[in-house]
file start.cif (mmCIF, C-alpha atoms and all ligand atoms)
data_target
#
loop_
_atom_site.label_atom_id
_atom_site.label_comp_id
_atom_site.auth_asym_id
_atom_site.auth_seq_id
_atom_site.Cartn_x
_atom_site.Cartn_y
_atom_site.Cartn_z
CA MET A 1 -171.17 10.12 -66.92
CA PRO A 2 -169.89 9.20 -70.44
CA THR A 3 -166.74 7.08 -70.62
CA GLN A 4 -163.62 8.76 -71.98
CA SER A 5 -160.97 6.69 -73.75
CA ARG A 6 -157.49 7.61 -74.90
CA GLU A 7 -156.48 5.99 -78.16
CA ILE A 8 -153.45 5.89 -80.43
CA ARG A 9 -153.79 6.84 -84.07
CA LEU A 10 -151.42 6.53 -86.99
CA ALA A 11 -150.07 10.05 -87.56
CA SER A 12 -147.97 9.33 -90.66
CA ARG A 13 -146.49 6.42 -92.58
CA PRO A 14 -142.88 5.60 -91.72
CA GLN A 15 -140.10 5.30 -94.27
CA GLY A 16 -137.73 2.63 -92.97
CA GLU A 17 -137.56 2.45 -89.19
CA PRO A 18 -140.68 3.96 -87.57
CA GLY A 19 -140.38 6.66 -84.89
CA LEU A 20 -142.58 7.95 -82.08
CA ASP A 21 -143.70 10.80 -84.36
CA ASN A 22 -145.60 8.28 -86.52
CA PHE A 23 -148.16 7.97 -83.68
CA VAL A 24 -150.54 10.50 -82.15
CA PHE A 25 -152.73 10.30 -79.02
CA ALA A 26 -156.38 11.41 -78.90
CA THR A 27 -159.22 11.22 -76.38
CA VAL A 28 -162.72 10.19 -77.46
CA THR A 29 -166.06 9.77 -75.71
CA VAL A 30 -167.24 6.17 -75.84
CA PRO A 31 -171.02 5.88 -76.31
CA ASP A 32 -173.18 3.83 -73.96
CA PRO A 33 -173.78 0.30 -75.25
CA LYS A 34 -176.97 -0.34 -77.26
CA PRO A 35 -178.87 -3.66 -77.11
CA GLY A 36 -176.50 -6.51 -78.01
CA GLU A 37 -173.42 -4.36 -77.25
CA VAL A 38 -170.93 -4.19 -74.39
CA LEU A 39 -168.60 -1.49 -73.07
CA VAL A 40 -165.12 -2.89 -72.45
CA ARG A 41 -162.12 -1.46 -70.61
CA ASN A 42 -158.91 -2.99 -71.94
CA VAL A 43 -156.69 -4.77 -69.41
CA CYS A 44 -153.80 -5.45 -71.77
CA MET A 45 -152.96 -5.20 -75.46
CA SER A 46 -150.56 -6.73 -77.89
CA VAL A 47 -147.93 -5.16 -80.11
CA ASP A 48 -146.85 -7.43 -82.96
CA PRO A 49 -144.35 -7.30 -85.81
CA TYR A 50 -147.09 -7.53 -88.48
CA MET A 51 -148.31 -4.09 -87.35
CA ARG A 52 -145.25 -2.58 -89.04
CA GLY A 53 -146.65 -3.78 -92.39
CA ARG A 54 -150.02 -2.22 -91.57
CA MET A 55 -148.30 1.17 -91.14
CA ASN A 56 -147.43 1.05 -94.87
CA GLU A 57 -149.78 1.93 -97.67
CA GLY A 58 -150.74 -0.81 -100.10
CA LYS A 59 -152.40 -4.16 -100.38
CA SER A 60 -151.54 -7.01 -98.05
CA TYR A 61 -153.31 -9.86 -96.27
CA VAL A 62 -154.53 -7.35 -93.63
CA PRO A 63 -155.68 -3.80 -94.42
CA SER A 64 -153.33 -0.86 -93.79
CA PHE A 65 -153.91 1.34 -90.75
CA GLU A 66 -155.53 4.61 -91.87
CA ILE A 67 -153.83 7.89 -91.10
CA GLY A 68 -155.76 9.79 -88.41
CA LYS A 69 -157.69 6.71 -87.27
CA ALA A 70 -157.20 4.53 -84.16
CA MET A 71 -154.87 1.60 -84.78
CA GLU A 72 -156.11 -1.94 -84.08
CA GLY A 73 -154.67 -5.09 -82.61
CA GLY A 74 -155.24 -7.91 -80.15
CA ALA A 75 -156.43 -6.93 -76.67
CA VAL A 76 -158.05 -8.48 -73.62
CA GLY A 77 -160.45 -6.37 -71.58
CA ARG A 78 -163.17 -6.53 -68.94
CA VAL A 79 -166.82 -5.76 -69.70
CA ILE A 80 -167.83 -2.79 -67.56
CA ALA A 81 -171.37 -2.25 -68.91
CA SER A 82 -173.45 -4.75 -70.83
CA ARG A 83 -176.62 -4.88 -72.92
CA ASP A 84 -176.03 -8.55 -73.76
CA GLU A 85 -177.01 -11.24 -71.27
CA LYS A 86 -174.32 -13.69 -72.46
CA MET A 87 -171.57 -11.17 -71.60
CA PRO A 88 -172.38 -9.63 -68.21
CA ALA A 89 -170.23 -6.96 -66.57
CA GLY A 90 -167.03 -8.52 -65.25
CA THR A 91 -166.59 -10.92 -68.21
CA PHE A 92 -163.08 -10.94 -69.74
CA VAL A 93 -163.12 -10.73 -73.52
CA GLN A 94 -160.61 -10.80 -76.35
CA SER A 95 -160.94 -8.34 -79.23
CA ILE A 96 -159.09 -6.61 -82.03
CA TYR A 97 -159.72 -3.23 -80.34
CA GLY A 98 -156.28 -2.66 -78.88
CA TRP A 99 -154.41 0.67 -79.01
CA ARG A 100 -157.18 2.26 -76.86
CA GLU A 101 -158.34 2.19 -73.28
CA ALA A 102 -162.05 1.43 -73.79
CA PHE A 103 -164.55 0.72 -76.56
CA VAL A 104 -168.11 -0.32 -77.32
CA ALA A 105 -168.70 -3.26 -79.66
CA PRO A 106 -171.29 -5.92 -80.46
CA ALA A 107 -170.88 -8.81 -78.02
CA SER A 108 -170.94 -11.14 -81.04
CA SER A 109 -167.63 -9.66 -82.27
CA LEU A 110 -165.77 -10.60 -79.04
CA GLN A 111 -164.52 -13.89 -77.59
CA ILE A 112 -164.87 -14.72 -73.88
CA VAL A 113 -161.60 -15.81 -72.23
CA ASP A 114 -161.33 -18.02 -69.17
CA THR A 115 -159.12 -16.23 -66.64
CA SER A 116 -159.36 -19.19 -64.24
CA LEU A 117 -157.03 -21.07 -66.62
CA ALA A 118 -154.45 -18.33 -67.15
CA PRO A 119 -154.14 -14.55 -66.67
CA PRO A 120 -155.60 -12.29 -69.40
CA SER A 121 -152.19 -11.60 -70.98
CA ALA A 122 -151.71 -15.33 -71.73
CA TYR A 123 -154.49 -15.01 -74.32
CA LEU A 124 -152.31 -12.56 -76.26
CA GLY A 125 -149.38 -14.95 -76.07
CA ILE A 126 -149.05 -18.63 -75.32
CA LEU A 127 -152.82 -19.42 -75.35
CA GLY A 128 -153.59 -16.99 -78.18
CA VAL A 129 -152.63 -16.35 -81.77
CA THR A 130 -148.94 -16.47 -80.82
CA GLY A 131 -149.07 -20.02 -79.48
CA LEU A 132 -151.31 -21.12 -82.33
CA THR A 133 -148.84 -19.70 -84.89
CA ALA A 134 -146.01 -21.76 -83.42
CA TRP A 135 -148.13 -24.93 -83.29
CA VAL A 136 -149.57 -24.60 -86.82
CA GLY A 137 -146.15 -23.79 -88.28
CA LEU A 138 -144.41 -26.73 -86.64
CA PHE A 139 -147.02 -29.45 -86.91
CA ARG A 140 -149.38 -28.48 -89.74
CA ILE A 141 -147.01 -26.74 -92.16
CA ALA A 142 -143.69 -28.48 -91.51
CA GLY A 143 -145.21 -31.75 -90.25
CA LEU A 144 -142.51 -31.89 -87.55
CA LYS A 145 -142.09 -35.33 -85.97
CA GLY A 146 -140.46 -36.47 -82.73
CA GLY A 147 -136.73 -37.18 -83.17
CA GLU A 148 -136.28 -34.53 -85.90
CA THR A 149 -133.95 -31.54 -85.59
CA VAL A 150 -135.52 -28.08 -85.92
CA PHE A 151 -133.87 -24.66 -86.01
CA ILE A 152 -136.03 -21.78 -84.74
CA SER A 153 -134.83 -18.22 -85.37
CA GLY A 154 -136.27 -15.47 -83.16
CA GLY A 155 -136.28 -18.24 -80.56
CA ALA A 156 -136.64 -16.03 -77.48
CA GLY A 157 -139.57 -14.00 -78.88
CA ALA A 158 -143.27 -14.70 -78.54
CA VAL A 159 -143.79 -17.19 -81.39
CA GLY A 160 -140.22 -18.49 -81.16
CA SER A 161 -140.34 -19.32 -77.44
CA ALA A 162 -143.66 -21.12 -77.92
CA ALA A 163 -142.19 -23.04 -80.88
CA CYS A 164 -139.07 -24.05 -78.91
CA GLN A 165 -141.18 -25.43 -76.08
CA LEU A 166 -143.69 -27.24 -78.30
CA ALA A 167 -140.90 -28.85 -80.34
CA LYS A 168 -139.14 -30.01 -77.14
CA MET A 169 -142.46 -31.39 -75.82
CA HIS A 170 -142.74 -33.44 -79.02
CA GLY A 171 -139.30 -34.98 -78.54
CA CYS A 172 -137.36 -32.94 -81.10
CA ARG A 173 -133.80 -31.64 -81.01
CA VAL A 174 -134.10 -27.83 -80.91
CA ILE A 175 -131.55 -25.32 -82.15
CA ALA A 176 -132.56 -21.69 -81.48
CA SER A 177 -131.11 -18.25 -82.07
CA ALA A 178 -131.66 -14.84 -80.52
CA GLY A 179 -130.05 -11.41 -80.62
CA SER A 180 -128.64 -10.91 -77.10
CA GLU A 181 -126.78 -12.88 -74.44
CA ASP A 182 -129.76 -12.55 -72.02
CA LYS A 183 -132.03 -14.11 -74.60
CA VAL A 184 -129.57 -16.90 -75.36
CA ALA A 185 -129.33 -17.62 -71.60
CA TYR A 186 -133.15 -17.80 -71.47
CA LEU A 187 -133.16 -20.30 -74.36
CA ARG A 188 -130.51 -22.46 -72.68
CA ASN A 189 -131.51 -22.26 -69.04
CA GLN A 190 -135.28 -21.82 -69.04
CA LEU A 191 -136.43 -23.40 -72.30
CA LYS A 192 -133.66 -26.05 -72.20
CA VAL A 193 -133.12 -26.03 -75.95
CA ASP A 194 -130.33 -28.30 -77.15
CA TYR A 195 -128.19 -25.59 -78.76
CA ALA A 196 -128.65 -21.81 -78.56
CA PHE A 197 -126.62 -19.03 -80.18
CA ASN A 198 -126.51 -15.27 -80.64
CA TYR A 199 -126.95 -14.66 -84.39
CA ARG A 200 -125.27 -11.24 -84.02
CA ASP A 201 -122.10 -12.79 -82.68
CA GLY A 202 -120.30 -14.90 -85.31
CA GLU A 203 -121.66 -16.72 -88.35
CA PRO A 204 -125.07 -18.40 -87.95
CA LEU A 205 -123.91 -21.19 -90.28
CA ASP A 206 -120.94 -22.10 -88.02
CA ASN A 207 -123.40 -22.46 -85.14
CA LEU A 208 -125.85 -24.51 -87.18
CA LYS A 209 -123.04 -26.90 -88.13
CA LYS A 210 -122.12 -27.27 -84.46
CA GLY A 211 -125.73 -27.59 -83.27
CA ALA A 212 -126.87 -29.96 -86.00
CA PRO A 213 -123.88 -31.82 -87.47
CA ALA A 214 -126.18 -34.21 -89.36
CA GLY A 215 -128.21 -31.34 -90.85
CA LEU A 216 -131.56 -29.77 -90.05
CA SER A 217 -134.87 -31.50 -90.71
CA VAL A 218 -136.89 -28.27 -90.36
CA TYR A 219 -136.20 -24.54 -90.23
CA PHE A 220 -138.91 -22.39 -88.55
CA ASP A 221 -138.12 -18.99 -90.04
CA ASN A 222 -139.16 -15.91 -88.05
CA THR A 223 -136.59 -13.57 -89.59
CA GLY A 224 -135.67 -14.19 -93.21
CA GLY A 225 -132.37 -12.49 -94.16
CA PRO A 226 -128.98 -14.00 -93.28
CA GLN A 227 -130.43 -16.70 -91.01
CA LEU A 228 -132.61 -18.05 -93.83
CA GLU A 229 -129.53 -18.22 -96.04
CA ALA A 230 -127.56 -20.05 -93.33
CA ALA A 231 -130.42 -22.49 -92.74
CA LEU A 232 -130.62 -23.37 -96.46
CA TYR A 233 -126.97 -24.46 -96.27
CA ALA A 234 -127.60 -26.40 -93.05
CA LEU A 235 -130.77 -28.26 -94.08
CA ALA A 236 -130.52 -31.97 -94.84
CA ASN A 237 -132.01 -33.42 -98.03
CA TYR A 238 -135.82 -33.26 -98.02
CA GLY A 239 -135.73 -30.60 -95.29
CA ARG A 240 -138.70 -28.28 -94.81
CA VAL A 241 -138.74 -24.52 -94.23
CA VAL A 242 -141.73 -22.88 -92.54
CA LEU A 243 -141.81 -19.24 -93.64
CA CYS A 244 -143.52 -17.71 -90.61
CA GLY A 245 -142.06 -14.19 -90.61
CA GLY A 246 -139.31 -12.07 -92.15
CA ILE A 247 -138.69 -9.44 -89.49
CA ALA A 248 -135.15 -8.75 -90.73
CA GLY A 249 -136.82 -7.07 -93.73
CA TYR A 250 -139.85 -5.32 -92.19
CA ASN A 251 -138.29 -1.85 -91.95
CA ARG A 252 -136.14 -2.19 -95.08
CA PRO A 253 -136.35 -5.05 -97.58
CA VAL A 254 -133.40 -7.43 -97.38
CA PRO A 255 -132.08 -9.33 -100.41
CA GLY A 256 -133.37 -12.86 -100.84
CA PRO A 257 -131.08 -15.76 -99.97
CA ARG A 258 -128.29 -16.09 -102.55
CA ASN A 259 -128.37 -19.88 -102.23
CA LEU A 260 -132.06 -20.55 -102.96
CA MET A 261 -130.96 -22.94 -105.73
CA LEU A 262 -129.97 -25.38 -102.99
CA ALA A 263 -133.69 -26.09 -102.62
CA ILE A 264 -133.53 -27.98 -105.92
CA GLY A 265 -130.60 -30.27 -105.23
CA LYS A 266 -131.65 -30.91 -101.64
CA ARG A 267 -135.32 -31.38 -102.62
CA LEU A 268 -136.36 -28.84 -99.98
CA ARG A 269 -139.92 -27.61 -99.42
CA LEU A 270 -140.45 -23.96 -98.43
CA GLU A 271 -143.98 -22.98 -97.38
CA GLY A 272 -145.41 -19.75 -96.00
CA PHE A 273 -148.60 -19.50 -93.97
CA ILE A 274 -150.86 -16.99 -92.27
CA VAL A 275 -152.25 -18.09 -88.92
CA SER A 276 -155.71 -16.62 -89.51
CA ASP A 277 -156.26 -19.28 -92.20
CA HIS A 278 -155.91 -21.88 -89.43
CA PHE A 279 -158.17 -20.55 -86.65
CA LYS A 280 -160.23 -23.74 -86.90
CA GLU A 281 -157.21 -25.50 -85.34
CA LEU A 282 -157.51 -23.43 -82.13
CA PRO A 283 -159.41 -26.13 -80.15
CA ALA A 284 -156.86 -28.81 -81.11
CA PHE A 285 -153.99 -26.51 -80.14
CA LEU A 286 -155.63 -25.41 -76.88
CA SER A 287 -156.39 -28.95 -75.76
CA GLU A 288 -152.65 -29.64 -75.90
CA ALA A 289 -151.47 -26.23 -74.64
CA VAL A 290 -153.81 -25.89 -71.64
CA ARG A 291 -152.88 -29.37 -70.41
CA ALA A 292 -149.16 -28.61 -70.82
CA LEU A 293 -149.50 -25.21 -69.13
CA LYS A 294 -151.21 -26.84 -66.11
CA ALA A 295 -148.53 -29.53 -65.99
CA GLY A 296 -145.77 -26.90 -66.19
CA THR A 297 -144.23 -28.38 -69.34
CA LEU A 298 -145.28 -25.24 -71.24
CA THR A 299 -144.56 -21.85 -69.69
CA SER A 300 -145.79 -18.39 -70.50
CA ARG A 301 -143.10 -15.71 -70.52
CA GLU A 302 -144.00 -12.06 -71.03
CA THR A 303 -142.24 -8.72 -71.10
CA PHE A 304 -144.60 -6.06 -69.73
CA VAL A 305 -144.61 -2.34 -70.35
CA GLU A 306 -147.02 -0.12 -68.43
CA GLY A 307 -149.73 2.11 -69.85
CA LEU A 308 -150.97 3.23 -73.25
CA ASP A 309 -148.21 5.86 -73.47
CA ALA A 310 -145.65 3.05 -73.61
CA ALA A 311 -147.27 1.21 -76.54
CA PRO A 312 -145.58 2.97 -79.51
CA ALA A 313 -142.10 2.48 -78.02
CA ALA A 314 -142.93 -1.17 -77.30
CA LEU A 315 -143.78 -1.71 -80.98
CA LEU A 316 -140.57 0.03 -82.07
CA ASP A 317 -138.63 -2.16 -79.64
CA ILE A 318 -139.78 -5.51 -81.02
CA LEU A 319 -138.73 -4.36 -84.49
CA ARG A 320 -135.13 -3.91 -83.30
CA SER A 321 -132.62 -6.71 -83.48
CA GLY A 322 -131.33 -7.65 -80.01
CA ALA A 323 -133.78 -5.36 -78.22
CA GLY A 324 -136.22 -5.61 -75.30
CA ASN A 325 -138.67 -8.45 -75.25
CA ILE A 326 -138.24 -11.98 -74.02
CA GLY A 327 -141.43 -13.95 -74.72
CA LYS A 328 -144.53 -11.96 -75.59
CA MET A 329 -144.40 -8.16 -75.48
CA VAL A 330 -147.54 -7.04 -73.61
CA VAL A 331 -148.77 -3.52 -72.82
CA LYS A 332 -150.60 -3.43 -69.46
CA LEU A 333 -153.49 -0.98 -69.48
CA SER A 334 -155.57 -1.49 -66.34
CA GLU A 335 -156.10 -4.00 -63.53
P1 LIG B 401 -141.16 -11.42 -81.27
O1 LIG B 401 -140.25 -12.50 -81.76
O2 LIG B 401 -141.67 -11.49 -79.90
O3 LIG B 401 -140.46 -10.00 -81.43
C1 LIG B 401 -139.71 -9.69 -82.50
C2 LIG B 401 -138.24 -10.10 -82.30
O4 LIG B 401 -137.63 -10.12 -83.58
C3 LIG B 401 -137.40 -9.11 -81.52
O5 LIG B 401 -137.51 -9.28 -80.12
C4 LIG B 401 -136.01 -9.40 -82.03
O6 LIG B 401 -135.42 -10.45 -81.27
C5 LIG B 401 -136.26 -9.97 -83.43
N1 LIG B 401 -135.76 -9.07 -84.48
C6 LIG B 401 -136.02 -7.76 -84.65
N2 LIG B 401 -135.34 -7.28 -85.71
C7 LIG B 401 -134.64 -8.34 -86.21
C8 LIG B 401 -133.72 -8.49 -87.30
N3 LIG B 401 -133.41 -7.45 -88.09
N4 LIG B 401 -133.19 -9.71 -87.52
C9 LIG B 401 -133.50 -10.76 -86.75
N5 LIG B 401 -134.35 -10.67 -85.69
C10 LIG B 401 -134.90 -9.47 -85.43
O7 LIG B 401 -142.38 -11.31 -82.31
P2 LIG B 401 -143.45 -12.44 -82.63
O8 LIG B 401 -144.79 -11.83 -82.45
O9 LIG B 401 -143.11 -13.66 -81.92
O10 LIG B 401 -143.24 -12.68 -84.19
C11 LIG B 401 -142.13 -13.44 -84.65
C12 LIG B 401 -142.22 -13.58 -86.16
O11 LIG B 401 -143.39 -14.33 -86.49
C13 LIG B 401 -142.35 -12.24 -86.89
O12 LIG B 401 -141.61 -12.29 -88.08
C14 LIG B 401 -143.83 -12.15 -87.17
O13 LIG B 401 -144.12 -11.31 -88.26
C15 LIG B 401 -144.16 -13.61 -87.44
N6 LIG B 401 -145.55 -13.99 -87.25
C16 LIG B 401 -146.16 -14.61 -88.30
C17 LIG B 401 -147.45 -15.04 -88.19
C18 LIG B 401 -148.09 -15.75 -89.36
O14 LIG B 401 -149.32 -15.92 -89.37
N7 LIG B 401 -147.30 -16.18 -90.35
C19 LIG B 401 -148.18 -14.82 -87.00
C20 LIG B 401 -147.52 -14.19 -85.93
C21 LIG B 401 -146.19 -13.77 -86.06
P3 LIG B 401 -133.81 -10.69 -81.24
O15 LIG B 401 -133.31 -9.85 -80.11
O16 LIG B 401 -133.68 -12.13 -81.01
O17 LIG B 401 -133.27 -10.18 -82.52
#
call {"tool": "encode", "arguments": {"input": "start.cif", "output": "C-alpha cells"}}
result
Amino acid sequence: MPTQSREIRLASRPQGEPGLDNFVFATVTVPDPKPGEVLVRNVCMSVDPYMRGRMNEGKSYVPSFEIGKAMEGGAVGRVIASRDEKMPAGTFVQSIYGWREAFVAPASSLQIVDTSLAPPSAYLGILGVTGLTAWVGLFRIAGLKGGETVFISGGAGAVGSAACQLAKMHGCRVIASAGSEDKVAYLRNQLKVDYAFNYRDGEPLDNLKKGAPAGLSVYFDNTGGPQLEAALYALANYGRVVLCGGIAGYNRPVPGPRNLMLAIGKRLRLEGFIVSDHFKELPAFLSEAVRALKAGTLTSRETFVEGLDAAPAALLDILRSGAGNIGKMVVKLSE
C-alpha cells in the first residue's frame, strides 16, 4: 500500500505580512525507498523566522521557496521503511524535509538523533540549530566573557531563551526583552535573568539604563529596529553587537538606526553571522549543552501546536510582535 503524505506548498508570495492564503495543502504518494534510501514519517517540524525571507523572490543566503512546490525546513521524523542498514526502521532522524508528513530520501542526507538524551523536538530547539545559533553568536562572534553585561532582545523566543541561559551559565549579567507580560515573567522567574522588560511598554532605552547603569558590553540583536537603536545608546565603549536577526523588519523593512555614528566614537564592533557557516562548532556546543541539560542548568522550553494544518498559522504567529511562542515554536505531526 503506497504511503500518502500531505504537504504544504507556497501558493503565492506575500506583500508585507503573510496570510493563510499564501499557503496551499496537497496530498502526494511517497514512493517506496530504493537502495540507500529511507522512508520517514515526520514527528515534529520547525517554523522559523528566516522562512519569511524564503517566501520572497530574490537572492539571499538560502534559496527562495518556489511557488507550487512543497516548502522546506527542519524536521525530526522516524524511519518507517529502510533500504539502508545504518538507518533501520525506528531510527529518529533530522532532515530539512519539514512542511510534510512523510518523505523518501537518501539516508546519507539525514542525521540520526539520540532520543535517549532528549525528546525529538529538542533537536529543533535547544540541541539543534537554535541552541547553536545562540552559542555561536555569544561566544564565537561577540567573544562574551564571564562578568560582562549582555542585552538579548527576543529573549523569550527560541534563540533568545537559549542565549539568556547560556550567558547566565557563563557568569554574565543578562538583560532581556520580550513583547508580552507572560514572556517577561518567564524571563524573570524561569530563566532568572537579571533584568527583564517589555519592549512594547515604555522606552527600551530607559530600561537599558536601569538594567545596565554602567553600559552594555554586548548586544545580541534578534530584532533590529528600535531596540538596536536603543542598544547603540546603551553600549559602553568597545561594546560588541551580534547581528543575529532583524525580525522587526521581516514583513516590512524598518529604517536603520539613526545613531549608527555612535559606533565610531564608542569604538563599537557590529558583526552579522549565519549559523550554517558554523556547523563545525556543533560538537563543541553539544558537549556543553548536553551536560547542562542533564544537570538541569539548561532547560528546553517549547510551544507546541498540533498537526500540519496548524503550521502556517504557527509561522505567522512567530512573525508577530508580542504573539504566541515562548521558547521554540514546534509543530507536532505524529507520535
Ligand atoms: P523566536 O524568537 O522564537 O520567534 C520570533 C519572536 O520574535 C516572536 O515570538 C516575537 O517575540 C518576536 N517578534 C516578532 N515580531 C517582532 C517585532 N516586530 N519586533 C520585535 N520582536 C518581534 O524566533 P527564533 O527562531 O528564536 O529567531 C530569533 C531571531 O534569530 C530571528 O530574527 C531569526 O531570524 C534569527 N536567527 C538567526 C540565525 C542566524 O544564523 N543568524 C539563526 C536562527 C535565527 P516577542 O513577543 O518578544 O515580540
call {"tool": "residues_near_ligand", "arguments": {"input": "start.cif", "ligand": "ligand LIG 401 (chain B)", "cutoff": "7 Å", "atoms": "all atoms listed in the file", "output": "PyMOL selection string"}}
result
chain A and resi 48-50+129-130+133+154-160+177-180+183+222-223+244-249+272-276+318-329
call {"tool": "axis_aligned_box", "arguments": {"input": "start.cif", "around": "range 29-45 of chain A", "padding_each_side": "4 Å", "output": "AutoDock Vina command-line options"}}
result
--center_x -165.9 --center_y 1.6 --center_z -73.7 --size_x 33.9 --size_y 24.3 --size_z 16.6
call {"tool": "residues_near_point", "arguments": {"input": "start.cif", "point": "(-164.8, -1.0, -73.6)", "cutoff": "8 Å", "atoms": "all atoms listed in the file", "output": "list in words"}}
result
Val30, Val38, Leu39, Val40, Arg41, Asn42, Gly77, Arg78, Val79, Ile80, Glu101, Ala102, Phe103, Val104 and Ala105 of chain A
call {"tool": "write_last_selection", "arguments": {"input": "start.cif", "atoms": "C-alpha atoms", "output": "compact mmCIF listing (two decimals), in the coordinates of the input"}}
result
# COMPACT_ATOMS: atom_id res chain seq x y z
CA VAL A 30 -167.24 6.17 -75.84
CA VAL A 38 -170.93 -4.19 -74.39
CA LEU A 39 -168.60 -1.49 -73.07
CA VAL A 40 -165.12 -2.89 -72.45
CA ARG A 41 -162.12 -1.46 -70.61
CA ASN A 42 -158.91 -2.99 -71.94
CA GLY A 77 -160.45 -6.37 -71.58
CA ARG A 78 -163.17 -6.53 -68.94
CA VAL A 79 -166.82 -5.76 -69.70
CA ILE A 80 -167.83 -2.79 -67.56
CA GLU A 101 -158.34 2.19 -73.28
CA ALA A 102 -162.05 1.43 -73.79
CA PHE A 103 -164.55 0.72 -76.56
CA VAL A 104 -168.11 -0.32 -77.32
CA ALA A 105 -168.70 -3.26 -79.66
call {"tool": "atom_distance", "arguments": {"input": "start.cif", "atom1": "CA of Glu7 in chain A", "atom2": "CA of Met55 in chain A"}}
result
16.1 Å
call {"tool": "atom_distance", "arguments": {"input": "start.cif", "atom1": "CA of Ser82 in chain A", "atom2": "CA of Gly36 in chain A"}}
result
8.0 Å
call {"tool": "atom_distance", "arguments": {"input": "start.cif", "atom1": "CA of Ser334 in chain A", "atom2": "CA of Phe65 in chain A"}}
result
24.6 Å
call {"tool": "residues_around", "arguments": {"input": "start.cif", "residues": "Ser95 in chain A", "least_positions_apart": "6", "cutoff": "8 Å", "atoms": "all atoms listed in the file", "output": "CSV table (one decimal) with C-alpha atoms, in the coordinates of the input"}}
result
chain,number,residue,atom,x,y,z
A,73,GLY,CA,-154.7,-5.1,-82.6
A,74,GLY,CA,-155.2,-7.9,-80.2
A,75,ALA,CA,-156.4,-6.9,-76.7
A,76,VAL,CA,-158.0,-8.5,-73.6
A,77,GLY,CA,-160.4,-6.4,-71.6
A,109,SER,CA,-167.6,-9.7,-82.3
A,110,LEU,CA,-165.8,-10.6,-79.0
A,111,GLN,CA,-164.5,-13.9,-77.6
call {"tool": "closest_residue", "arguments": {"input": "start.cif", "among": "A:Pro35, A:Gly225, A:Pro18, A:Gly143", "to": "Ser108 in chain A", "atoms": "only C-alpha atoms"}}
result
A:Pro35
call {"tool": "closest_residue", "arguments": {"input": "start.cif", "among": "A:Met1, A:Leu187, A:Leu144, A:Ile175", "to": "Gly215 in chain A", "atoms": "only C-alpha atoms"}}
result
A:Ile175
call {"tool": "residues_around", "arguments": {"input": "start.cif", "residues": "Ala284 in chain A", "least_positions_apart": "4", "cutoff": "12 Å", "atoms": "all atoms listed in the file", "output": "list in words"}}
result
Leu127, Gly131, Leu132, Trp135, Val136, Phe139, Arg140, His278, Phe279, Lys280, Glu288, Ala289, Val290 and Arg291 of chain A
call {"tool": "write_last_selection", "arguments": {"input": "start.cif", "atoms": "C-alpha atoms", "output": "PDB file, in the coordinates of the input"}}
result
ATOM      1  CA  LEU A 127    -152.820 -19.420 -75.350  1.00  0.00           C
ATOM      2  CA  GLY A 131    -149.070 -20.020 -79.480  1.00  0.00           C
ATOM      3  CA  LEU A 132    -151.310 -21.120 -82.330  1.00  0.00           C
ATOM      4  CA  TRP A 135    -148.130 -24.930 -83.290  1.00  0.00           C
ATOM      5  CA  VAL A 136    -149.570 -24.600 -86.820  1.00  0.00           C
ATOM      6  CA  PHE A 139    -147.020 -29.450 -86.910  1.00  0.00           C
ATOM      7  CA  ARG A 140    -149.380 -28.480 -89.740  1.00  0.00           C
ATOM      8  CA  HIS A 278    -155.910 -21.880 -89.430  1.00  0.00           C
ATOM      9  CA  PHE A 279    -158.170 -20.550 -86.650  1.00  0.00           C
ATOM     10  CA  LYS A 280    -160.230 -23.740 -86.900  1.00  0.00           C
ATOM     11  CA  GLU A 288    -152.650 -29.640 -75.900  1.00  0.00           C
ATOM     12  CA  ALA A 289    -151.470 -26.230 -74.640  1.00  0.00           C
ATOM     13  CA  VAL A 290    -153.810 -25.890 -71.640  1.00  0.00           C
ATOM     14  CA  ARG A 291    -152.880 -29.370 -70.410  1.00  0.00           C
TER      15      ARG A 291
END
call {"tool": "closest_residue", "arguments": {"input": "start.cif", "among": "A:Tyr238, A:Glu148, A:Lys69, A:Met169", "to": "Thr299 in chain A", "atoms": "all atoms listed in the file"}}
result
A:Met169
call {"tool": "closest_residue", "arguments": {"input": "start.cif", "among": "A:Asp221, A:Ile264, A:Ala313, A:Ala295", "to": "Ile141 in chain A", "atoms": "all atoms listed in the file"}}
result
A:Asp221
call {"tool": "residues_around", "arguments": {"input": "start.cif", "residues": "Tyr219 in chain A", "least_positions_apart": "6", "cutoff": "7 Å", "atoms": "all atoms listed in the file", "output": "PDB file with C-alpha atoms, in the coordinates of the input"}}
result
ATOM      1  CA  VAL A 150    -135.520 -28.080 -85.920  1.00  0.00           C
ATOM      2  CA  PHE A 151    -133.870 -24.660 -86.010  1.00  0.00           C
ATOM      3  CA  ILE A 152    -136.030 -21.780 -84.740  1.00  0.00           C
ATOM      4  CA  ALA A 231    -130.420 -22.490 -92.740  1.00  0.00           C
ATOM      5  CA  ARG A 240    -138.700 -28.280 -94.810  1.00  0.00           C
ATOM      6  CA  VAL A 241    -138.740 -24.520 -94.230  1.00  0.00           C
ATOM      7  CA  VAL A 242    -141.730 -22.880 -92.540  1.00  0.00           C
TER       8      VAL A 242
END
call {"tool": "residues_around", "arguments": {"input": "start.cif", "residues": "Gly68 in chain A", "least_positions_apart": "4", "cutoff": "7 Å", "atoms": "all atoms listed in the file", "output": "VMD selection string"}}
result
chain A and resid 9 to 11
call {"tool": "closest_residue", "arguments": {"input": "start.cif", "among": "A:Ala185, A:Ala196, A:Met71, A:Leu205", "to": "Ala26 in chain A", "atoms": "all atoms listed in the file"}}
result
A:Met71
